[in-house]
Every structure is written in structure tokens, then in C-alpha cells.
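final.pdb follows (PDB, C-alpha atoms):
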ATOM      1  CA  MET A   1      75.739 -23.053 -62.989
ATOM      2  CA  ASP A   2      78.180 -21.863 -65.614
ATOM      3  CA  GLY A   3      78.170 -18.749 -67.734
ATOM      4  CA  SER A   4      80.730 -18.945 -70.525
ATOM      5  CA  LYS A   5      81.717 -16.346 -73.108
ATOM      6  CA  LYS A   6      84.198 -16.549 -75.977
ATOM      7  CA  ARG A   7      85.899 -13.549 -77.511
ATOM      8  CA  MET A   8      88.460 -13.100 -80.281
ATOM      9  CA  VAL A   9      91.039 -10.432 -79.489
ATOM     10  CA  THR A  10      93.605  -8.967 -81.886
ATOM     11  CA  SER A  11      96.841  -7.513 -80.561
ATOM     12  CA  GLY A  12      99.289  -6.387 -83.220
ATOM     13  CA  LEU A  13      99.978  -9.346 -85.516
ATOM     14  CA  TYR A  14      98.426 -11.784 -83.084
ATOM     15  CA  LYS A  15      94.877 -13.050 -82.802
ATOM     16  CA  PHE A  16      93.839 -14.810 -79.608
ATOM     17  CA  GLN A  17      90.712 -16.488 -78.323
ATOM     18  CA  ILE A  18      89.713 -15.685 -74.735
ATOM     19  CA  ILE A  19      87.279 -17.926 -72.861
ATOM     20  CA  ASP A  20      85.628 -16.188 -69.905
ATOM     21  CA  ASN A  21      83.777 -18.611 -67.635
ATOM     22  CA  THR A  22      81.804 -17.675 -64.505
ATOM     23  CA  LEU A  23      80.555 -20.204 -61.952
ATOM     24  CA  PHE A  24      77.312 -19.017 -60.349
ATOM     25  CA  SER A  25      75.189 -20.355 -57.536
ATOM     26  CA  ILE A  26      72.099 -22.300 -58.653
ATOM     27  CA  ASP A  27      69.885 -19.250 -58.302
ATOM     28  CA  LYS A  28      72.510 -17.075 -60.043
ATOM     29  CA  THR A  29      72.608 -14.599 -57.171
ATOM     30  CA  GLU A  30      76.175 -15.323 -56.186
ATOM     31  CA  ILE A  31      79.447 -15.720 -58.080
ATOM     32  CA  TYR A  32      81.641 -18.521 -56.765
ATOM     33  CA  SER A  33      84.555 -18.213 -59.157
ATOM     34  CA  ARG A  34      85.630 -16.952 -62.530
ATOM     35  CA  SER A  35      88.214 -18.375 -64.905
ATOM     36  CA  PHE A  36      89.880 -16.964 -67.996
ATOM     37  CA  LYS A  37      91.796 -18.798 -70.699
ATOM     38  CA  ILE A  38      93.667 -17.533 -73.715
ATOM     39  CA  GLY A  39      95.099 -19.299 -76.732
ATOM     40  CA  GLY A  40      94.898 -19.710 -80.465
ATOM     41  CA  THR A  41      94.189 -23.103 -81.995
ATOM     42  CA  TYR A  42      94.381 -24.440 -78.452
ATOM     43  CA  PRO A  43      92.233 -22.258 -76.156
ATOM     44  CA  GLY A  44      93.977 -22.660 -72.797
ATOM     45  CA  CYS A  45      97.640 -21.732 -73.127
ATOM     46  CA  VAL A  46      97.415 -19.438 -70.113
ATOM     47  CA  ASN A  47      94.812 -19.746 -67.346
ATOM     48  CA  ILE A  48      93.780 -17.231 -64.695
ATOM     49  CA  SER A  49      91.491 -18.171 -61.799
ATOM     50  CA  ILE A  50      89.539 -15.766 -59.581
ATOM     51  CA  ILE A  51      87.930 -16.878 -56.303
ATOM     52  CA  TYR A  52      84.947 -14.928 -54.964
ATOM     53  CA  GLU A  53      83.445 -14.468 -51.523
ATOM     54  CA  ASN A  54      80.203 -12.556 -51.053
ATOM     55  CA  ASN A  55      80.293 -11.681 -54.747
ATOM     56  CA  LYS A  56      83.674  -9.984 -54.405
ATOM     57  CA  PRO A  57      86.981 -11.277 -55.802
ATOM     58  CA  VAL A  58      89.310 -12.279 -52.970
ATOM     59  CA  ASP A  59      92.038 -14.230 -54.733
ATOM     60  CA  ALA A  60      93.480 -14.066 -58.247
ATOM     61  CA  SER A  61      96.099 -16.485 -59.529
ATOM     62  CA  MET A  62      97.753 -17.592 -62.755
ATOM     63  CA  PRO A  63      98.165 -21.266 -61.835
ATOM     64  CA  ILE A  64      99.389 -22.700 -65.093
ATOM     65  CA  ILE A  65     100.955 -21.998 -68.443
ATOM     66  CA  LEU A  66     100.003 -25.177 -70.222
ATOM     67  CA  SER A  67     102.628 -27.324 -71.844
ATOM     68  CA  ASN A  68     100.545 -28.279 -74.835
ATOM     69  CA  PRO A  69     102.302 -28.493 -78.221
ATOM     70  CA  GLU A  70      99.397 -26.614 -79.804
ATOM     71  CA  CYS A  71     100.343 -23.588 -77.750
ATOM     72  CA  SER A  72     103.285 -23.165 -80.090
ATOM     73  CA  PHE A  73     100.819 -21.515 -82.505
ATOM     74  CA  ILE A  74     102.633 -18.229 -81.889
ATOM     75  CA  ARG A  75     105.914 -19.530 -83.304
ATOM     76  CA  PRO A  76     105.136 -19.046 -87.019
ATOM     77  CA  LEU A  77     104.405 -15.393 -86.416
ATOM     78  CA  GLU A  78     106.963 -12.640 -86.430
ATOM     79  CA  LYS A  79     109.936 -13.341 -84.210
ATOM     80  CA  GLY A  80     109.625 -11.272 -81.079
ATOM     81  CA  ASP A  81     106.996 -10.708 -78.429
ATOM     82  CA  GLY A  82     104.260 -13.290 -79.086
ATOM     83  CA  ALA A  83     104.181 -14.966 -75.689
ATOM     84  CA  ILE A  84     104.627 -11.676 -73.852
ATOM     85  CA  ILE A  85     101.753 -10.082 -75.754
ATOM     86  CA  MET A  86      99.537 -13.124 -75.219
ATOM     87  CA  ILE A  87      99.980 -13.110 -71.440
ATOM     88  CA  LYS A  88      99.634  -9.318 -71.234
ATOM     89  CA  THR A  89      96.508  -9.464 -73.381
ATOM     90  CA  LEU A  90      94.841 -11.874 -70.965
ATOM     91  CA  LEU A  91      95.960  -9.916 -67.908
ATOM     92  CA  HIS A  92      94.614  -6.708 -69.441
ATOM     93  CA  TYR A  93      91.301  -8.377 -70.300
ATOM     94  CA  VAL A  94      90.931  -9.705 -66.748
ATOM     95  CA  TYR A  95      91.624  -6.259 -65.328
ATOM     96  CA  THR A  96      89.034  -4.599 -67.574
ATOM     97  CA  GLN A  97      86.497  -7.160 -66.390
ATOM     98  CA  ILE A  98      87.448  -6.888 -62.706
ATOM     99  CA  PRO A  99      89.056  -3.453 -62.182
ATOM    100  CA  THR A 100      89.116  -3.849 -58.393
ATOM    101  CA  LEU A 101      91.946  -6.386 -58.697
ATOM    102  CA  THR A 102      95.271  -5.041 -57.478
ATOM    103  CA  HIS A 103      97.498  -8.003 -58.368
ATOM    104  CA  ILE A 104      97.637 -11.581 -59.532
ATOM    105  CA  LYS A 105      99.667 -14.388 -57.945
ATOM    106  CA  PHE A 106     101.799 -16.986 -59.712
ATOM    107  CA  ASP A 107     104.666 -19.397 -59.155
ATOM    108  CA  ASP A 108     107.622 -19.246 -61.526
ATOM    109  CA  LYS A 109     107.915 -22.828 -62.810
ATOM    110  CA  SER A 110     110.020 -22.013 -65.859
ATOM    111  CA  ASN A 111     112.864 -24.263 -66.932
ATOM    112  CA  ILE A 112     115.188 -24.444 -69.922
ATOM    113  CA  GLU A 113     115.712 -27.597 -71.932
ATOM    114  CA  CYS A 114     119.368 -26.704 -72.161
ATOM    115  CA  ALA A 115     120.544 -29.891 -73.830
ATOM    116  CA  THR A 116     121.885 -31.314 -77.065
ATOM    117  CA  GLU A 117     119.522 -32.965 -79.542
ATOM    118  CA  GLU A 118     120.921 -36.351 -78.501
ATOM    119  CA  GLU A 119     120.247 -35.660 -74.811
ATOM    120  CA  LEU A 120     116.714 -34.538 -75.643
ATOM    121  CA  LYS A 121     116.042 -37.750 -77.592
ATOM    122  CA  LYS A 122     117.399 -39.946 -74.805
ATOM    123  CA  GLY A 123     115.842 -37.898 -72.035
ATOM    124  CA  THR A 124     119.173 -37.827 -70.218
ATOM    125  CA  TYR A 125     119.193 -34.115 -69.476
ATOM    126  CA  LYS A 126     118.076 -32.232 -66.396
ATOM    127  CA  PRO A 127     116.074 -29.068 -67.105
ATOM    128  CA  MET A 128     117.749 -25.891 -65.864
ATOM    129  CA  PRO A 129     115.683 -23.353 -63.888
ATOM    130  CA  LEU A 130     115.166 -20.394 -66.209
ATOM    131  CA  TYR A 131     114.855 -18.020 -63.260
ATOM    132  CA  TYR A 132     118.377 -18.847 -62.045
ATOM    133  CA  PHE A 133     119.814 -18.711 -65.563
ATOM    134  CA  SER A 134     118.110 -15.374 -66.185
ATOM    135  CA  ILE A 135     119.248 -13.841 -62.896
ATOM    136  CA  LEU A 136     122.823 -14.935 -63.578
ATOM    137  CA  PHE A 137     122.980 -13.563 -67.131
ATOM    138  CA  ASN A 138     120.381 -10.751 -67.025
ATOM    139  CA  GLY A 139     120.195  -9.717 -63.379
ATOM    140  CA  GLN A 140     116.459 -10.478 -63.235
ATOM    141  CA  THR A 141     113.919 -13.174 -64.042
ATOM    142  CA  TRP A 142     111.885 -13.291 -67.260
ATOM    143  CA  PHE A 143     108.743 -12.283 -65.359
ATOM    144  CA  GLU A 144     110.562  -9.377 -63.718
ATOM    145  CA  LYS A 145     111.793  -8.160 -67.090
ATOM    146  CA  TYR A 146     108.513  -8.239 -68.984
ATOM    147  CA  PHE A 147     105.833  -8.050 -66.276
ATOM    148  CA  ASN A 148     107.544  -6.107 -63.490
ATOM    149  CA  ALA A 149     106.814  -9.098 -61.239
ATOM    150  CA  LYS A 150     107.902  -9.114 -57.608
ATOM    151  CA  GLN A 151     108.022 -11.551 -54.759
ATOM    152  CA  LYS A 152     104.935 -11.114 -52.625
ATOM    153  CA  ASP A 153     107.012 -10.354 -49.538
ATOM    154  CA  GLU A 154     108.267  -6.831 -50.306
ATOM    155  CA  VAL A 155     111.024  -6.916 -47.684
ATOM    156  CA  ILE A 156     112.438 -10.176 -49.017
ATOM    157  CA  HIS A 157     112.147  -8.914 -52.575
ATOM    158  CA  GLN A 158     114.166  -5.795 -51.794
ATOM    159  CA  GLN A 159     116.785  -7.939 -50.049
ATOM    160  CA  TYR A 160     116.885 -10.146 -53.121
ATOM    161  CA  ARG A 161     117.392  -7.181 -55.462
ATOM    162  CA  THR A 162     120.216  -5.863 -53.261
ATOM    163  CA  ARG A 163     121.813  -9.309 -53.118
ATOM    164  CA  VAL A 164     121.711  -9.688 -56.911
ATOM    165  CA  THR A 165     123.349  -6.290 -57.441
ATOM    166  CA  ASP A 166     126.088  -7.000 -54.916
ATOM    167  CA  PHE A 167     126.692 -10.509 -56.233
ATOM    168  CA  LEU A 168     126.932  -9.572 -59.907
ATOM    169  CA  TYR A 169     128.669  -6.199 -59.797
ATOM    170  CA  SER A 170     130.736  -6.016 -56.611
ATOM    171  CA  PRO A 171     134.459  -6.776 -57.093
ATOM    172  CA  GLU A 172     134.636  -7.558 -53.370
ATOM    173  CA  CYS A 173     132.074 -10.320 -53.728
ATOM    174  CA  LYS A 174     134.064 -11.921 -56.526
ATOM    175  CA  THR A 175     137.345 -11.530 -54.626
ATOM    176  CA  ASN A 176     135.872 -13.161 -51.538
ATOM    177  CA  ILE A 177     134.968 -16.291 -53.484
ATOM    178  CA  ARG A 178     138.173 -17.729 -54.873
ATOM    179  CA  PHE A 179     137.911 -20.298 -57.666
ATOM    180  CA  ASP A 180     138.600 -23.252 -55.371
ATOM    181  CA  ARG A 181     135.817 -22.043 -53.068
ATOM    182  CA  PHE A 182     133.551 -21.493 -56.066
ATOM    183  CA  VAL A 183     133.931 -25.059 -57.345
ATOM    184  CA  SER A 184     133.543 -26.506 -53.854
ATOM    185  CA  LEU A 185     129.928 -25.332 -53.833
ATOM    186  CA  PHE A 186     128.699 -27.800 -56.445
ATOM    187  CA  ASP A 187     129.327 -31.124 -58.149
ATOM    188  CA  LYS A 188     132.356 -30.727 -60.371
ATOM    189  CA  ARG A 189     133.123 -31.927 -63.891
ATOM    190  CA  GLU A 190     136.865 -31.641 -64.285
ATOM    191  CA  GLU A 191     136.924 -30.842 -68.004
ATOM    192  CA  GLU A 192     134.407 -28.033 -67.524
ATOM    193  CA  MET A 193     136.244 -26.643 -64.506
ATOM    194  CA  THR A 194     139.397 -26.307 -66.584
ATOM    195  CA  GLU A 195     137.505 -24.228 -69.144
ATOM    196  CA  LEU A 196     135.744 -22.140 -66.510
ATOM    197  CA  TYR A 197     138.960 -21.272 -64.698
ATOM    198  CA  GLN A 198     140.239 -19.019 -67.489
ATOM    199  CA  TYR A 199     137.019 -16.983 -67.532
ATOM    200  CA  TYR A 200     136.756 -16.869 -63.751
ATOM    201  CA  ASN A 201     140.365 -15.927 -63.120
ATOM    202  CA  ASN A 202     140.329 -13.026 -65.601
ATOM    203  CA  ALA A 203     137.088 -11.455 -64.304
ATOM    204  CA  ASN A 204     136.760  -8.650 -61.761
ATOM    205  CA  THR A 205     133.095  -9.357 -61.001
ATOM    206  CA  PHE A 206     130.719 -12.270 -61.379
ATOM    207  CA  ASN A 207     128.965 -10.389 -64.159
ATOM    208  CA  ASP A 208     132.287 -10.080 -66.004
ATOM    209  CA  PHE A 209     132.799 -13.802 -65.469
ATOM    210  CA  VAL A 210     129.488 -15.030 -66.887
ATOM    211  CA  GLN A 211     129.410 -12.494 -69.732
ATOM    212  CA  SER A 212     132.893 -13.612 -70.829
ATOM    213  CA  ILE A 213     131.696 -17.201 -71.376
ATOM    214  CA  PRO A 214     130.999 -17.578 -75.121
ATOM    215  CA  LYS A 215     127.262 -17.806 -75.745
ATOM    216  CA  GLN A 216     127.514 -21.110 -77.574
ATOM    217  CA  HIS A 217     129.099 -22.700 -74.482
ATOM    218  CA  ARG A 218     127.029 -21.159 -71.704
ATOM    219  CA  CYS A 219     124.452 -23.917 -71.309
ATOM    220  CA  ARG A 220     127.142 -26.588 -71.249
ATOM    221  CA  LEU A 221     129.458 -24.746 -68.883
ATOM    222  CA  VAL A 222     126.913 -23.535 -66.340
ATOM    223  CA  GLY A 223     124.357 -26.341 -66.480
ATOM    224  CA  SER A 224     126.099 -28.602 -63.978
ATOM    225  CA  TRP A 225     126.409 -25.980 -61.223
ATOM    226  CA  ILE A 226     123.993 -23.094 -61.714
ATOM    227  CA  GLU A 227     121.175 -24.424 -59.521
ATOM    228  CA  GLN A 228     123.348 -25.355 -56.537
ATOM    229  CA  PHE A 229     125.394 -22.170 -56.789
ATOM    230  CA  MET A 230     122.461 -19.786 -57.174
ATOM    231  CA  LYS A 231     120.664 -21.409 -54.251
ATOM    232  CA  PHE A 232     123.767 -20.701 -52.175
ATOM    233  CA  ILE A 233     124.044 -17.087 -53.378
ATOM    234  CA  LEU A 234     120.327 -16.275 -53.008
ATOM    235  CA  LYS A 235     119.649 -18.248 -49.856
ATOM    236  CA  ASP A 236     116.819 -16.753 -47.772
ATOM    237  CA  VAL A 237     116.077 -13.933 -50.241
ATOM    238  CA  PHE A 238     114.784 -15.662 -53.380
ATOM    239  CA  TYR A 239     111.928 -18.131 -53.799
ATOM    240  CA  ASN A 240     110.304 -19.095 -57.081
ATOM    241  CA  GLU A 241     106.880 -19.335 -55.418
ATOM    242  CA  ASN A 242     104.550 -16.535 -54.274
ATOM    243  CA  TRP A 243     105.227 -13.911 -56.920
ATOM    244  CA  ILE A 244     102.798 -11.205 -57.955
ATOM    245  CA  ILE A 245     102.115  -9.040 -61.005
ATOM    246  CA  HIS A 246     100.532  -5.709 -60.135
ATOM    247  CA  PHE A 247      97.560  -4.115 -61.877
ATOM    248  CA  PRO A 248      97.164  -2.025 -63.940
ATOM    249  CA  LEU A 249      99.624  -3.559 -66.341
ATOM    250  CA  GLU A 250     101.618  -1.702 -68.974
ATOM    251  CA  MET A 251     100.484  -2.980 -72.361
ATOM    252  CA  SER A 252     103.683  -2.351 -74.326
ATOM    253  CA  GLY A 253     105.362  -5.371 -75.857
ATOM    254  CA  GLY A 254     108.645  -6.842 -74.783
ATOM    255  CA  ASN A 255     110.723  -4.339 -76.717
ATOM    256  CA  ASP A 256     112.010  -1.371 -74.755
ATOM    257  CA  LYS A 257     115.162   0.652 -74.339
ATOM    258  CA  THR A 258     116.581  -1.422 -71.499
ATOM    259  CA  PRO A 259     119.470  -3.793 -72.266
ATOM    260  CA  LYS A 260     118.449  -6.703 -74.482
ATOM    261  CA  TYR A 261     117.292  -9.766 -72.605
ATOM    262  CA  TYR A 262     119.637 -12.689 -73.212
ATOM    263  CA  TYR A 263     118.346 -16.169 -73.879
ATOM    264  CA  PRO A 264     120.247 -19.158 -75.299
ATOM    265  CA  GLU A 265     119.497 -19.814 -78.947
ATOM    266  CA  ASP A 266     117.354 -22.781 -79.978
ATOM    267  CA  MET A 267     116.419 -23.804 -76.447
ATOM    268  CA  ASN A 268     112.889 -24.503 -75.259
ATOM    269  CA  ILE A 269     111.282 -23.260 -72.090
ATOM    270  CA  THR A 270     109.347 -25.895 -70.189
ATOM    271  CA  ASN A 271     107.584 -25.952 -66.883
ATOM    272  CA  ASN A 272     107.333 -28.401 -64.010
ATOM    273  CA  PHE A 273     104.298 -30.135 -65.411
ATOM    274  CA  GLN A 274     104.268 -33.043 -67.791
ATOM    275  CA  SER A 275     105.579 -31.957 -71.044
ATOM    276  CA  LYS A 276     107.752 -30.022 -73.500
ATOM    277  CA  ASN A 277     106.735 -26.776 -75.202
ATOM    278  CA  ILE A 278     104.704 -24.285 -73.288
ATOM    279  CA  CYS A 279     103.424 -21.148 -74.882
ATOM    280  CA  LEU A 280     106.887 -19.591 -74.817
ATOM    281  CA  SER A 281     109.645 -20.281 -77.284
ATOM    282  CA  PRO A 282     113.095 -18.715 -77.658
ATOM    283  CA  HIS A 283     111.719 -16.749 -80.596
ATOM    284  CA  ASP A 284     109.163 -15.066 -78.355
ATOM    285  CA  ILE A 285     111.695 -13.745 -75.849
TER     286      ILE A 285
END
Let me see the structure of the file written as C-alpha cells.
Amino acid sequence: MDGSKKRMVTSGLYKFQIIDNTLFSIDKTEIYSRSFKIGGTYPGCVNISIIYENNKPVDASMPIILSNPECSFIRPLEKGDGAIIMIKTLLHYVYTQIPTLTHIKFDDKSNIECATEEELKKGTYKPMPLYYFSILFNGQTWFEKYFNAKQKDEVIHQQYRTRVTDFLYSPECKTNIRFDRFVSLFDKREEEMTELYQYYNNANTFNDFVQSIPKQHRCRLVGSWIEQFMKFILKDVFYNENWIIHFPLEMSGGNDKTPKYYYPEDMNITNNFQSKNICLSPHDI
């Protein structure tokens, strides 16, 4: 049997609807599962599922951020933290309802539609993993930045953080990978390699290299190699599955005093499901 509750929640400029659904045994003596959804005009932009055993929560996961166009309801609002606040609002609500939870699991399925309008119309583009793009240009994933997310395996996560620091900021790492070695690691486009060479050759570190690429050219110049290259760099220490967000969660928005998070202008985030816009847009990051 189901027990469903709906609640309107206001957070700053944003108003969200939360649907809280509990699946009981027939005699209502035992909870089998509990699910939470949040959205605006569309109620299920973000879902959280809780599995119970013996009336105690044993597993909590955020399995999906739906790619429904109606989830773009946050776009007309003030440019800034809409998606971040929406996800944090649901996580906070879940924690107030089930304060024994220590963390929630999720897989990072985020991609960037880093393509021209013509490529989008023809469907001839390949989505770029946002997590690789973000690590390369920001030193961390979007979920790390705004939700302090970590890989579930703490040892691997620490190895990953050390690897990222060494890769981006160590002159020795850059010196050890000459340009010809760099381009041998992925499929090459000659015209792009010619452009990349000037940025690569003049940089002391990989961070210097990527930051020197003009923002308007970054998607075009890194799109053909970022996935292959980052898999090589982060081999055995980074996986986009089995991440966790710890409770309790800080309820501040995305704005803080850390360096500004970079995201390419006018690009959409998608996921690995069937569609285009999810609840996140460039204006929410």
C-alpha cells in the first residue's frame, strides 16, 4: 500500500513541489521503501529512493536526474544557483525525514552538449563527459564542487585527488609528456593539433595549458581528445559510478569564496538517458 504526501517548499526565489511516497506492507506494519521527488511544473526532476529492511533504511540512492524539458522551469528565474538549490532542498528534506541516513549514493552521468547549433540539429555530435571537462578546467567535478561528493572508496578517492593535483599543477608531469606523446594518446585532427601546439608548448603545467585556451574555443579544441586523454591520466583512480554525498548537507547555495566554477557558455548538460535538458542549465551553474 502507498502513502503519498505533497509539499510545497520555498527556498530563496525558488518554489518547489516535493512528493514523498512510502510503500507499506498490506497491514501497514512494515515500510518496504520510500521515494522522494522534487520539481516545479514537472514534479520529478530529481528522484531519491530509500530501501528498507526491518523498518530501517539500508540503502539510499539518487538514481536519476530526469531529462524532461519541463524541468527547465528553473531557467526563467535569476541566473545562478537554481539547480544546486533544488537538489540541496530535496537532500535536506530527505535528511529531516530520515535523520539516521549518513550518505546517499549516485552515479555521475553528466555530459555536455558541446556542439554547434548545426551539429545539434543534425545530431552529429558526441556528448562530452562533464566530469572530465570539469576536472580538466576546474580540478574537480560539478558534484564535488557543490555537494562535496566523493567516490565511495575513500582510498581510491584520495589517490584520485592526489593524481589530479599532480597532473594539473606539477611542471614535471607536463615535462614528462611531450606534445608528440600527448597527441599520440588520442585520435588526432590535424588542424586542431596545430592550434593546440602553441598553447601546449608555452605552458609550464597542464593547468597553464588548458587555461590558456581561449574560452570560446575550448569545446572545439578539447572535444576530440578529452575523454581518451582523461581516461589515460586518471586510470585506476577515477570512476564516474559509486559516488556518495554525505549527510548532513550544507544548505548554502552555489556561491562561495572559492574560485569561480568554469562552464562553457550556452551549452546544455545532458545525462546518459534519452533526452536533452535535465534540470541543470549553464545559467544554474
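The coordinates place CA of Phe238 in chain A at 12.8 Å from CA of Gly139 in chain A.
Here CA of Phe186 in chain A stands at a distance of 23.4 Å from CA of Tyr263 in chain A.
Across A:Arg34, A:Tyr146, A:His217, A:Pro57, the tightest approach to Met86 in chain A is made by A:Tyr146 when counting only C-alpha atoms.
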Size and centre in Å, one decimal, axis-aligned box, all listed range 22-37 of chain A atoms plus 4 Å per side, as lines of an AutoDock Vina configuration file:
center_x = 80.8
center_y = -18.4
center_z = -63.4
size_x = 29.9
size_y = 15.7
size_z = 22.5
Would you mind telling me which residue in A:Lys37, A:Arg161, A:Lys145, A:Arg7 lies nearest to Leu234 in chain A when using only C-alpha atoms? A:Arg161
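The shortest atom-to-atom distance to Lys15 in chain A, with only C-alpha atoms taken into account, belongs to A:Ala83 out of A:Cys173, A:Cys219, A:Ala83, A:Ile48.
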